[in-house]
file upload19.csv (CSV, C-alpha atoms and all ligand atoms)
chain,number,residue,atom,x,y,z
H,925,MET,CA,0.0,0.0,0.0
H,926,THR,CA,1.3,3.4,-1.0
H,927,GLN,CA,1.7,5.7,2.1
H,928,TYR,CA,1.4,9.4,2.3
H,929,ILE,CA,3.1,12.3,4.1
H,930,SER,CA,1.7,15.8,3.7
H,931,ILE,CA,2.5,19.4,4.3
H,932,ILE,CA,-0.4,21.4,5.8
H,933,GLY,CA,-0.5,25.2,5.7
H,934,TYR,CA,-1.9,28.2,3.8
H,935,PRO,CA,-0.6,29.3,1.4
H,936,LEU,CA,1.7,26.6,0.2
H,937,LYS,CA,2.8,27.7,-3.2
H,938,HIS,CA,6.2,28.8,-1.9
H,939,SER,CA,6.9,25.5,-0.2
H,940,LEU,CA,10.0,23.5,-1.1
H,941,SER,CA,9.4,20.6,1.3
H,942,PRO,CA,7.7,18.3,-1.3
H,943,GLY,CA,10.7,18.5,-3.6
H,944,PHE,CA,13.4,17.6,-1.1
H,945,GLN,CA,11.3,15.2,1.1
H,946,GLN,CA,10.3,13.2,-2.0
H,947,ALA,CA,13.9,13.0,-3.1
H,948,ALA,CA,14.9,11.6,0.3
H,949,LEU,CA,12.0,9.1,0.2
H,950,ASP,CA,13.0,8.0,-3.3
H,951,TYR,CA,16.6,7.6,-2.3
H,952,TYR,CA,15.5,4.8,0.0
H,953,GLN,CA,13.0,3.6,-2.6
H,954,LEU,CA,10.1,3.9,-0.1
H,955,ASP,CA,6.6,3.6,-1.5
H,956,ILE,CA,5.6,6.9,0.1
H,957,ARG,CA,4.3,10.1,-1.6
H,958,TYR,CA,4.8,13.6,-0.1
H,959,GLU,CA,1.8,15.7,-0.9
H,960,MET,CA,0.8,19.3,-0.5
H,961,TRP,CA,-2.5,19.7,1.4
H,962,GLU,CA,-3.2,23.5,1.2
H,963,THR,CA,-5.7,23.9,4.0
H,964,GLU,CA,-8.0,26.8,4.8
H,965,ALA,CA,-8.5,27.5,8.5
H,966,GLU,CA,-12.1,26.2,8.7
H,967,VAL,CA,-11.2,22.8,7.5
H,968,LEU,CA,-8.0,22.4,9.5
H,969,PRO,CA,-9.5,20.1,12.2
H,970,SER,CA,-10.9,17.7,9.6
H,971,GLU,CA,-7.6,17.7,7.6
H,972,ILE,CA,-5.7,16.9,10.8
H,973,ASN,CA,-8.2,14.2,11.5
H,974,ARG,CA,-7.6,12.7,8.1
H,975,LEU,CA,-4.0,12.0,9.1
H,976,ARG,CA,-5.4,9.2,11.3
H,977,GLN,CA,-6.2,7.0,8.3
H,978,PRO,CA,-3.7,4.1,8.0
H,979,GLN,CA,-2.2,5.2,4.7
H,980,ASN,CA,-1.1,8.5,6.2
H,981,LEU,CA,2.2,8.4,8.0
H,982,GLY,CA,2.1,12.0,9.1
H,983,ALA,CA,2.6,15.6,8.1
H,984,ASN,CA,4.6,18.8,8.3
H,985,VAL,CA,2.7,21.8,9.6
H,986,THR,CA,3.6,25.3,8.4
H,987,VAL,CA,2.4,28.9,8.4
H,988,PRO,CA,0.0,29.8,10.0
H,989,TYR,CA,-1.0,26.6,11.9
H,990,LYS,CA,2.0,25.5,14.1
H,991,GLU,CA,0.4,26.8,17.3
H,992,THR,CA,-3.2,25.8,16.5
H,993,VAL,CA,-2.3,22.1,15.7
H,994,LEU,CA,-0.8,21.7,19.1
H,995,HIS,CA,-4.4,21.4,20.4
H,996,LEU,CA,-5.6,19.1,17.6
H,997,VAL,CA,-3.1,16.2,18.1
H,998,ASP,CA,-3.4,13.5,20.8
H,999,GLU,CA,0.1,13.9,22.3
H,1000,VAL,CA,2.9,16.4,22.1
H,1001,ASP,CA,6.5,15.7,22.9
H,1002,SER,CA,8.3,17.7,25.6
H,1003,LEU,CA,10.2,20.1,23.3
H,1004,ALA,CA,7.1,21.0,21.2
H,1005,SER,CA,5.1,21.4,24.4
H,1006,LEU,CA,7.7,23.7,25.8
H,1007,ILE,CA,7.8,25.8,22.6
H,1008,GLY,CA,4.0,25.7,22.2
H,1009,ALA,CA,4.2,24.9,18.5
H,1010,VAL,CA,4.2,21.7,16.4
H,1011,ASN,CA,5.7,21.4,12.9
H,1012,THR,CA,5.8,17.6,12.6
H,1013,ILE,CA,3.0,15.1,13.1
H,1014,VAL,CA,3.3,11.3,13.1
H,1015,ASN,CA,0.4,8.9,12.9
H,1016,ARG,CA,1.0,6.0,15.3
H,1017,ASP,CA,-1.9,3.6,14.7
H,1018,GLY,CA,-4.5,6.3,14.5
H,1019,LYS,CA,-3.0,8.4,17.4
H,1020,LEU,CA,-1.4,11.7,16.4
H,1021,MET,CA,1.9,12.7,18.0
H,1022,GLY,CA,3.3,16.3,17.6
H,1023,PHE,CA,7.0,17.3,17.5
H,1024,ASN,CA,9.0,20.4,16.9
H,1025,THR,CA,12.1,20.1,14.7
H,1026,ASP,CA,12.3,23.9,13.9
H,1027,ALA,CA,14.3,24.6,17.1
H,1028,PRO,CA,17.2,22.2,16.5
H,1029,GLY,CA,17.2,22.9,12.8
H,1030,PHE,CA,17.5,26.7,13.5
H,1031,LEU,CA,20.5,26.2,15.9
H,1032,ARG,CA,22.3,23.7,13.6
H,1033,ALA,CA,22.2,26.1,10.7
H,1034,LEU,CA,23.3,29.0,12.9
H,1035,ARG,CA,26.3,27.1,14.2
H,1036,GLU,CA,27.3,25.1,11.1
H,1037,ASN,CA,26.3,27.3,8.2
H,1038,ALA,CA,26.9,30.8,9.6
H,1039,LYS,CA,29.6,29.7,12.1
H,1040,PHE,CA,27.9,31.9,14.7
H,1041,ALA,CA,28.1,31.0,18.4
H,1042,PRO,CA,25.0,32.4,20.2
H,1043,GLU,CA,26.6,32.2,23.7
H,1044,ASN,CA,26.7,35.6,25.4
H,1045,LYS,CA,25.3,37.5,22.3
H,1046,ARG,CA,22.5,40.0,22.1
H,1047,ALA,CA,19.7,38.9,19.8
H,1048,VAL,CA,16.5,40.4,18.4
H,1049,ILE,CA,13.7,38.2,17.0
H,1050,LEU,CA,11.2,39.8,14.6
H,1051,GLY,CA,7.8,38.1,15.0
H,1052,ALA,CA,6.2,36.1,17.7
H,1053,GLY,CA,4.4,33.3,15.8
H,1054,GLY,CA,5.2,29.6,15.7
H,1055,ALA,CA,8.6,29.9,14.2
H,1056,ALA,CA,9.6,32.7,16.6
H,1057,ARG,CA,8.6,30.6,19.6
H,1058,ALA,CA,11.0,27.8,18.4
H,1059,VAL,CA,13.8,30.3,17.7
H,1060,GLY,CA,13.3,32.0,21.1
H,1061,PHE,CA,13.7,28.7,23.0
H,1062,ALA,CA,16.6,27.6,20.8
H,1063,LEU,CA,18.4,30.9,21.5
H,1064,LEU,CA,17.8,30.6,25.3
H,1065,GLN,CA,19.2,27.0,25.1
H,1066,GLY,CA,22.1,28.5,23.0
H,1067,LYS,CA,22.8,30.8,26.0
H,1068,VAL,CA,22.4,34.2,24.5
H,1069,ASN,CA,23.0,37.1,26.8
H,1070,SER,CA,19.8,39.0,25.9
H,1071,LEU,CA,16.8,38.4,23.8
H,1072,ALA,CA,14.3,41.1,22.5
H,1073,ILE,CA,11.1,40.0,20.8
H,1074,ALA,CA,9.5,42.6,18.5
H,1075,ASN,CA,6.1,41.9,17.1
H,1076,ARG,CA,3.3,43.8,15.3
H,1077,THR,CA,0.8,42.5,17.9
H,1078,LEU,CA,2.6,43.3,21.1
H,1079,VAL,CA,0.5,41.0,23.4
H,1080,ARG,CA,1.7,38.0,21.4
H,1081,ALA,CA,5.4,39.1,22.0
H,1082,GLU,CA,4.6,39.5,25.7
H,1083,ALA,CA,3.1,36.1,25.9
H,1084,LEU,CA,6.2,34.6,24.3
H,1085,VAL,CA,8.4,36.6,26.7
H,1086,ASP,CA,6.4,35.3,29.7
H,1087,SER,CA,7.1,31.7,28.6
H,1088,LEU,CA,10.8,32.3,27.9
H,1089,THR,CA,11.3,34.1,31.2
H,1090,LYS,CA,9.7,31.3,33.1
H,1091,TYR,CA,11.9,28.8,31.4
H,1092,ALA,CA,15.0,31.0,32.2
H,1093,ILE,CA,14.1,31.4,35.8
H,1094,ASP,CA,13.4,27.7,36.3
H,1095,ARG,CA,16.9,27.0,35.1
H,1096,LYS,CA,18.5,29.9,37.0
H,1097,MET,CA,19.6,31.5,33.7
H,1098,ARG,CA,20.3,35.3,33.8
H,1099,THR,CA,19.3,36.0,30.2
H,1100,GLU,CA,17.4,39.3,29.8
H,1101,VAL,CA,14.2,38.7,27.8
H,1102,ILE,CA,12.0,41.6,26.7
H,1103,ALA,CA,9.1,42.3,24.4
H,1104,LEU,CA,9.2,45.4,22.1
H,1105,PRO,CA,6.6,47.2,20.0
H,1106,TRP,CA,7.1,46.8,16.3
H,1107,GLN,CA,9.2,49.6,14.7
H,1108,GLY,CA,9.3,52.2,17.6
H,1109,SER,CA,12.3,53.9,19.1
H,1110,LYS,CA,13.0,51.0,21.5
H,1111,PHE,CA,12.9,48.7,18.6
H,1112,ARG,CA,15.5,50.7,16.7
H,1113,GLU,CA,17.7,50.9,19.7
H,1114,ALA,CA,17.6,47.1,20.3
H,1115,ILE,CA,18.4,46.5,16.6
H,1116,GLU,CA,21.3,49.0,16.8
H,1117,HIS,CA,23.0,47.2,19.7
H,1118,CYS,CA,22.4,43.6,18.8
H,1119,GLN,CA,24.7,41.0,17.2
H,1120,LEU,CA,22.0,38.7,15.8
H,1121,ILE,CA,18.7,39.6,14.0
H,1122,VAL,CA,16.3,36.8,13.2
H,1123,ASN,CA,13.4,37.5,10.9
H,1124,CYS,CA,10.5,35.2,11.9
H,1125,THR,CA,7.9,37.1,10.0
H,1126,PRO,CA,6.8,36.1,6.4
H,1127,LEU,CA,7.8,39.6,5.1
H,1128,GLY,CA,9.7,39.0,1.8
H,1129,MET,CA,8.2,35.5,1.2
H,1130,LYS,CA,7.5,34.7,-2.4
H,1131,TYR,CA,3.9,34.6,-3.6
H,1132,SER,CA,2.7,36.5,-0.5
H,1133,SER,CA,1.3,40.0,-0.6
H,1134,GLN,CA,4.4,41.0,1.4
H,1135,GLU,CA,6.9,39.6,-1.2
H,1136,GLU,CA,8.6,43.0,-1.8
H,1137,GLN,CA,8.8,44.0,1.9
H,1138,SER,CA,11.6,44.0,4.4
H,1139,PRO,CA,11.1,44.3,8.2
H,1140,LEU,CA,14.2,46.6,8.4
H,1141,SER,CA,15.5,49.5,6.3
H,1142,THR,CA,19.1,49.5,5.0
H,1143,ALA,CA,20.1,52.3,7.3
H,1144,SER,CA,18.9,50.4,10.4
H,1145,ILE,CA,21.0,47.3,9.8
H,1146,PRO,CA,23.9,47.4,12.3
H,1147,LYS,CA,27.4,46.7,11.1
H,1148,GLY,CA,28.9,43.5,12.6
H,1149,ALA,CA,25.5,41.7,13.2
H,1150,LEU,CA,24.4,38.5,11.5
H,1151,VAL,CA,21.1,38.8,9.7
H,1152,TYR,CA,19.3,35.5,9.6
H,1153,ASP,CA,16.1,35.3,7.6
H,1154,LEU,CA,13.9,32.3,8.2
H,1155,VAL,CA,12.2,33.0,4.9
H,1156,TYR,CA,13.8,30.6,2.4
H,1157,ASN,CA,12.0,31.4,-0.8
H,1158,PRO,CA,13.5,33.5,-2.4
H,1159,LEU,CA,17.0,32.5,-1.3
H,1160,GLU,CA,17.9,36.2,-1.2
H,1161,THR,CA,15.0,38.1,0.4
H,1162,PRO,CA,14.7,41.9,0.3
H,1163,LEU,CA,16.1,41.9,3.9
H,1164,LEU,CA,19.1,39.8,3.0
H,1165,LYS,CA,19.8,41.8,-0.1
H,1166,MET,CA,19.9,45.0,1.9
H,1167,ALA,CA,22.1,43.4,4.5
H,1168,ARG,CA,24.5,42.0,1.9
H,1169,GLU,CA,24.7,45.4,0.3
H,1170,VAL,CA,25.8,47.1,3.5
H,1171,GLY,CA,28.4,44.3,4.0
H,1172,VAL,CA,26.7,42.5,6.9
H,1173,SER,CA,26.9,38.6,7.2
H,1174,VAL,CA,23.7,36.9,6.2
H,1175,LEU,CA,22.1,33.5,6.6
H,1176,SER,CA,19.1,32.3,4.5
H,1177,GLY,CA,16.4,30.1,5.9
H,1178,LEU,CA,17.3,27.3,3.4
H,1179,PRO,CA,19.7,25.3,5.7
H,1180,MET,CA,17.3,25.4,8.6
H,1181,LEU,CA,14.5,24.2,6.3
H,1182,VAL,CA,16.5,21.2,5.2
H,1183,TYR,CA,17.7,20.4,8.8
H,1184,GLN,CA,14.2,20.6,10.3
H,1185,GLY,CA,13.0,18.5,7.4
H,1186,ALA,CA,15.8,15.9,8.0
H,1187,ASP,CA,14.7,15.5,11.6
H,1188,SER,CA,11.0,15.1,10.5
H,1189,PHE,CA,12.1,12.5,7.9
H,1190,LYS,CA,13.8,10.5,10.7
H,1191,ILE,CA,10.7,10.7,12.9
H,1192,TRP,CA,8.4,9.3,10.1
H,1193,THR,CA,10.8,6.7,8.5
H,1194,HIS,CA,13.2,5.9,11.3
H,1195,ARG,CA,16.0,6.3,8.8
H,1196,GLU,CA,18.9,8.8,8.6
H,1197,ALA,CA,18.1,11.6,6.3
H,1198,PRO,CA,20.3,11.8,3.1
H,1199,LEU,CA,21.3,15.5,3.7
H,1200,ASP,CA,23.3,16.0,0.5
H,1201,ILE,CA,20.4,14.8,-1.6
H,1202,MET,CA,17.9,16.9,0.3
H,1203,PHE,CA,20.0,20.1,-0.1
H,1204,ARG,CA,20.5,19.4,-3.8
H,1205,ALA,CA,16.7,18.8,-4.3
H,1206,ALA,CA,15.8,21.9,-2.2
H,1207,ARG,CA,18.0,24.1,-4.4
H,1208,GLU,CA,16.5,22.5,-7.6
H,1209,ALA,CA,13.0,23.1,-6.2
H,1210,LEU,CA,13.9,26.7,-5.5
H,1211,LEU,CA,15.0,27.2,-9.1
H,1212,LYS,CA,11.9,25.5,-10.5
H,1213,ASN,CA,9.7,27.5,-8.1
H,1214,ARG,CA,11.0,30.8,-9.8
H,1215,ARG,CA,8.3,32.5,-11.8
Q,1301,LIG,P1,3.0,32.6,12.0
Q,1301,LIG,O1,2.8,31.7,13.1
Q,1301,LIG,O2,1.8,32.9,11.1
Q,1301,LIG,O3,3.6,34.0,12.6
Q,1301,LIG,C1,3.8,35.0,11.7
Q,1301,LIG,C2,4.5,36.2,12.4
Q,1301,LIG,O4,4.8,37.2,11.5
Q,1301,LIG,C3,3.6,36.8,13.5
Q,1301,LIG,O5,4.4,37.3,14.5
Q,1301,LIG,C4,3.0,38.0,12.7
Q,1301,LIG,O6,2.7,39.1,13.6
Q,1301,LIG,C5,4.2,38.4,11.9
Q,1301,LIG,N1,3.7,39.2,10.7
Q,1301,LIG,C6,2.9,38.7,9.7
Q,1301,LIG,N2,2.7,39.6,8.7
Q,1301,LIG,C7,3.4,40.7,9.2
Q,1301,LIG,C8,3.5,42.0,8.7
Q,1301,LIG,N3,2.9,42.4,7.5
Q,1301,LIG,N4,4.2,42.9,9.3
Q,1301,LIG,C9,4.8,42.6,10.5
Q,1301,LIG,N5,4.7,41.4,11.1
Q,1301,LIG,C10,4.0,40.4,10.4
Q,1301,LIG,O7,4.2,32.0,11.0
Q,1301,LIG,P2,5.4,31.1,11.4
Q,1301,LIG,O8,5.1,29.7,11.3
Q,1301,LIG,O9,6.0,31.7,12.6
Q,1301,LIG,O10,6.4,31.4,10.1
Q,1301,LIG,C11,7.0,32.7,9.9
Q,1301,LIG,C12,7.9,32.7,8.7
Q,1301,LIG,O11,9.0,31.8,9.0
Q,1301,LIG,C13,7.3,32.1,7.4
Q,1301,LIG,O12,7.7,32.8,6.3
Q,1301,LIG,C14,7.8,30.7,7.4
Q,1301,LIG,O13,7.9,30.2,6.0
Q,1301,LIG,C15,9.2,30.9,8.0
Q,1301,LIG,N6,9.8,29.6,8.5
Q,1301,LIG,C16,10.9,29.1,8.0
Q,1301,LIG,C17,11.4,28.0,8.5
Q,1301,LIG,C18,12.7,27.4,7.9
Q,1301,LIG,O14,13.0,26.2,8.1
Q,1301,LIG,N7,13.5,28.2,7.2
Q,1301,LIG,C19,10.8,27.3,9.6
Q,1301,LIG,C20,9.7,27.9,10.1
Q,1301,LIG,C21,9.1,29.0,9.6
Q,1301,LIG,P3,1.2,39.2,14.3
Q,1301,LIG,O15,1.4,38.4,15.6
Q,1301,LIG,O16,1.0,40.6,14.6
Q,1301,LIG,O17,0.2,38.6,13.4

call {"tool": "encode", "arguments": {"input": "upload19.csv", "output": "C-alpha cells"}}
result
Amino acid sequence: MTQYISIIGYPLKHSLSPGFQQAALDYYQLDIRYEMWETEAEVLPSEINRLRQPQNLGANVTVPYKETVLHLVDEVDSLASLIGAVNTIVNRDGKLMGFNTDAPGFLRALRENAKFAPENKRAVILGAGGAARAVGFALLQGKVNSLAIANRTLVRAEALVDSLTKYAIDRKMRTEVIALPWQGSKFREAIEHCQLIVNCTPLGMKYSSQEEQSPLSTASIPKGALVYDLVYNPLETPLLKMAREVGVSVLSGLPMLVYQGADSFKIWTHREAPLDIMFRAAREALLKNRR
C-alpha cells in the first residue's frame, strides 16, 4: 500500500518541502508520496483528523498553523510542548503525536552554516508566531545574553516573553528577555546594539502579498551583526539583499528548512536523512519555483 506524508499550511505555493522530502523518500525507494495539502482555517481540524487514516504516515505543519495544531493532536513531545508549536505530526496507529524540529534545525544552521556561536550574544527576534517561539527557546538554550522579541501584535510578543522568562528562571539563567513594540524607538535601539537579528515574519516571502517587503530599512541594519532570515523562498529576500549590500553577514532560511525536514524525515521513517540529496533537491525546487 502506498503511504502518504503531507504538508499542511496556507498558502503553500512557496513550499520546497515536497521537492526535497520526495527526493529523500525516493533515495530509500520507499513507497511513500509527499503531498501538499493546502488547507484553509475552517477545514484544519478535519484535515488533521484525516491523518489518522492508516495510509497517512504524518505531516509537516507550516504557516500559520503551528500553534493551532498543538491542540488538535493527541500527544505532544516535551520540546514541542515547551515551545508551544508543532511542525511535525506522526500517525501512530491512529494516534497523532506532535513534534517540533524547527528549534534544533535553526540552531544547527546558525552554528554550522553561519559559524555563529550564540553564547553571550545580544539577539533580536522579529515576529512572535510559531517559528519565533521555536527560535526563542533555541536561543535561550544556546545561552544568548539578551533576547528582545518585537512583534506587530505586542501582546503576542509579551506572551512569548512570559514563557521564555519562566523557562530561564526555572533554570537559573540570567538572560534578559523583553518584548518590544514593532518599529518604535525602543525597537530601533535594540536593533542598533544587537549581534544577531532573526526575521521570523513572512515579510519577503515569495507569492505572498508582502513579497517585496523587508522588516528593516538599509540604514537600520547594524554593522557587525548577523542577519538570519527564516524565509527561504526566495534565497535572497529583500532583507538579506539590503544586509549584503551594506556588508553584513547573512544566513538564509534554506539550511534550517533542510535540517528541520531531515529531523522530521527521521521521525516518520526511522532512517537517517540523506542530507546531501535533500540540499540538492531543495536548491533545484527553488530554481523550479521561480516565476
Ligand atoms: P506565523 O505563526 O503565522 O507567525 C507570523 C509572524 O509574522 C507573526 O508574529 C506576525 O505578527 C508576523 N507578521 C505577519 N505579517 C506581518 C506584517 N505584514 N508585518 C509585521 N509582522 C507580520 O508564521 P510562522 O510559522 O511563525 O512562520 C513565519 C515565517 O518563518 C514564514 O515565512 C515561514 O515560512 C518561515 N519559517 C521558515 C522555517 C525554515 O525552516 N526556514 C521554519 C519555520 C518558519 P502578528 O502576531 O502581529 O500577526

call {"tool": "closest_residue", "arguments": {"input": "upload19.csv", "among": "H:Ser1133, H:Asn980, H:Thr1099, H:Thr1142", "to": "ligand LIG 1301 (chain Q)", "atoms": "all atoms listed in the file"}}
result
H:Ser1133

call {"tool": "closest_residue", "arguments": {"input": "upload19.csv", "among": "H:Thr1125, H:Ser930, H:Thr1025, H:Gln1065", "to": "ligand LIG 1301 (chain Q)", "atoms": "all atoms listed in the file"}}
result
H:Thr1125

call {"tool": "closest_atom_pairs", "arguments": {"input": "upload19.csv", "of": "chain H", "to": "ligand LIG 1301 (chain Q)", "cutoff": "6 Å", "atoms": "only C-alpha atoms and all ligand atoms", "output": "Markdown table"}}
result
| residue | atom | partner | partner_atom | distance |
| --- | --- | --- | --- | --- |
| H:Thr986 | CA | Q:LIG1301 | O8 | 5.5 |
| H:Val987 | CA | Q:LIG1301 | O8 | 4.0 |
| H:Pro988 | CA | Q:LIG1301 | O2 | 3.7 |
| H:Lys990 | CA | Q:LIG1301 | O8 | 5.9 |
| H:Asp1026 | CA | Q:LIG1301 | C19 | 5.7 |
| H:Gly1051 | CA | Q:LIG1301 | O5 | 3.5 |
| H:Ala1052 | CA | Q:LIG1301 | O5 | 3.9 |
| H:Gly1053 | CA | Q:LIG1301 | O3 | 3.4 |
| H:Gly1054 | CA | Q:LIG1301 | O9 | 3.8 |
| H:Ala1055 | CA | Q:LIG1301 | O9 | 3.5 |
| H:Ala1056 | CA | Q:LIG1301 | O9 | 5.5 |
| H:Asn1075 | CA | Q:LIG1301 | O5 | 5.6 |
| H:Arg1076 | CA | Q:LIG1301 | O16 | 4.0 |
| H:Thr1077 | CA | Q:LIG1301 | O16 | 3.8 |
| H:Arg1080 | CA | Q:LIG1301 | O15 | 5.8 |
| H:Cys1124 | CA | Q:LIG1301 | O11 | 4.7 |
| H:Thr1125 | CA | Q:LIG1301 | O4 | 3.4 |
| H:Pro1126 | CA | Q:LIG1301 | O12 | 3.4 |
| H:Met1129 | CA | Q:LIG1301 | O12 | 5.8 |
| H:Leu1154 | CA | Q:LIG1301 | N7 | 4.2 |
| H:Val1155 | CA | Q:LIG1301 | O12 | 4.7 |
| H:Tyr1156 | CA | Q:LIG1301 | N7 | 5.4 |
| H:Gly1177 | CA | Q:LIG1301 | N7 | 3.7 |
| H:Leu1178 | CA | Q:LIG1301 | N7 | 5.4 |
| H:Met1180 | CA | Q:LIG1301 | O14 | 4.4 |
| H:Leu1181 | CA | Q:LIG1301 | O14 | 3.1 |

call {"tool": "atom_distance", "arguments": {"input": "upload19.csv", "atom1": "atom CA of H:Ser1002", "atom2": "atom CA of H:Leu1020"}}
result
14.7 Å

call {"tool": "residues_near_point", "arguments": {"input": "upload19.csv", "point": "(6.6, 6.3, -5.1)", "cutoff": "10 Å", "atoms": "all atoms listed in the file", "output": "list in words"}}
result
Thr926, Gln927, Tyr928, Gln946, Leu949, Asp950, Gln953, Leu954, Asp955, Ile956, Arg957 and Tyr958 of chain H

call {"tool": "write_last_selection", "arguments": {"input": "upload19.csv", "atoms": "C-alpha atoms", "output": "compact mmCIF listing (two decimals), keeping the file's coordinate frame"}}
result
# COMPACT_ATOMS: atom_id res chain seq x y z
CA THR H 926 1.30 3.40 -1.00
CA GLN H 927 1.70 5.70 2.10
CA TYR H 928 1.40 9.40 2.30
CA GLN H 946 10.30 13.20 -2.00
CA LEU H 949 12.00 9.10 0.20
CA ASP H 950 13.00 8.00 -3.30
CA GLN H 953 13.00 3.60 -2.60
CA LEU H 954 10.10 3.90 -0.10
CA ASP H 955 6.60 3.60 -1.50
CA ILE H 956 5.60 6.90 0.10
CA ARG H 957 4.30 10.10 -1.60
CA TYR H 958 4.80 13.60 -0.10

call {"tool": "closest_residue", "arguments": {"input": "upload19.csv", "among": "H:Val1085, H:Val997, H:Leu1050, H:Ile1093", "to": "H:Leu1140", "atoms": "all atoms listed in the file"}}
result
H:Leu1050

call {"tool": "residues_near_point", "arguments": {"input": "upload19.csv", "point": "(9.7, 14.4, 0.4)", "cutoff": "12 Å", "atoms": "only C-alpha atoms", "output": "JSON, numbers by chain"}}
result
{"H": [927, 928, 929, 930, 931, 939, 940, 941, 942, 943, 944, 945, 946, 947, 948, 949, 950, 951, 952, 953, 954, 955, 956, 957, 958, 959, 960, 982, 983, 984, 1182, 1185, 1186, 1188, 1189, 1190, 1192, 1193, 1197, 1198, 1201, 1202, 1203, 1205, 1206, 1209]}

call {"tool": "build_atoms", "arguments": {"input": "upload19.csv", "residues": "stretch 1061-1076 of chain H", "atoms": "N, CA, C and O atoms", "output": "CSV table (one decimal), in the coordinates of the input"}}
result
chain,number,residue,atom,x,y,z
H,1061,PHE,N,13.2,29.7,22.1
H,1061,PHE,CA,13.7,28.7,23.0
H,1061,PHE,C,15.1,28.2,22.6
H,1061,PHE,O,15.9,27.9,23.4
H,1062,ALA,N,15.3,28.1,21.3
H,1062,ALA,CA,16.6,27.6,20.8
H,1062,ALA,C,17.7,28.6,21.2
H,1062,ALA,O,18.8,28.2,21.7
H,1063,LEU,N,17.4,29.9,21.1
H,1063,LEU,CA,18.4,30.9,21.5
H,1063,LEU,C,18.7,30.9,23.0
H,1063,LEU,O,19.8,31.1,23.5
H,1064,LEU,N,17.6,30.7,23.8
H,1064,LEU,CA,17.8,30.6,25.3
H,1064,LEU,C,18.7,29.4,25.6
H,1064,LEU,O,19.7,29.4,26.4
H,1065,GLN,N,18.4,28.2,24.9
H,1065,GLN,CA,19.2,27.0,25.1
H,1065,GLN,C,20.6,27.3,24.6
H,1065,GLN,O,21.6,26.7,25.1
H,1066,GLY,N,20.8,28.1,23.6
H,1066,GLY,CA,22.1,28.5,23.0
H,1066,GLY,C,22.8,29.5,23.9
H,1066,GLY,O,23.9,30.0,23.5
H,1067,LYS,N,22.2,29.9,25.0
H,1067,LYS,CA,22.8,30.8,26.0
H,1067,LYS,C,23.1,32.2,25.6
H,1067,LYS,O,24.2,32.7,25.8
H,1068,VAL,N,22.2,32.8,24.9
H,1068,VAL,CA,22.4,34.2,24.5
H,1068,VAL,C,22.4,35.0,25.8
H,1068,VAL,O,21.8,34.6,26.8
H,1069,ASN,N,22.9,36.2,25.7
H,1069,ASN,CA,23.0,37.1,26.8
H,1069,ASN,C,21.7,37.9,27.0
H,1069,ASN,O,21.2,38.1,28.1
H,1070,SER,N,21.1,38.3,25.9
H,1070,SER,CA,19.8,39.0,25.9
H,1070,SER,C,19.0,38.7,24.7
H,1070,SER,O,19.6,38.4,23.6
H,1071,LEU,N,17.7,38.8,24.8
H,1071,LEU,CA,16.8,38.4,23.8
H,1071,LEU,C,15.6,39.4,23.8
H,1071,LEU,O,14.9,39.6,24.8
H,1072,ALA,N,15.4,40.1,22.6
H,1072,ALA,CA,14.3,41.1,22.5
H,1072,ALA,C,13.4,40.5,21.4
H,1072,ALA,O,13.8,40.1,20.4
H,1073,ILE,N,12.1,40.5,21.7
H,1073,ILE,CA,11.1,40.0,20.8
H,1073,ILE,C,10.2,41.1,20.3
H,1073,ILE,O,9.5,41.7,21.1
H,1074,ALA,N,10.3,41.5,19.0
H,1074,ALA,CA,9.5,42.6,18.5
H,1074,ALA,C,8.4,42.0,17.6
H,1074,ALA,O,8.7,41.2,16.7
H,1075,ASN,N,7.2,42.4,17.9
H,1075,ASN,CA,6.1,41.9,17.1
H,1075,ASN,C,5.0,43.0,16.9
H,1075,ASN,O,4.8,43.9,17.7
H,1076,ARG,N,4.4,42.9,15.7
H,1076,ARG,CA,3.3,43.8,15.3
H,1076,ARG,C,2.2,43.8,16.4
H,1076,ARG,O,1.7,44.8,16.8
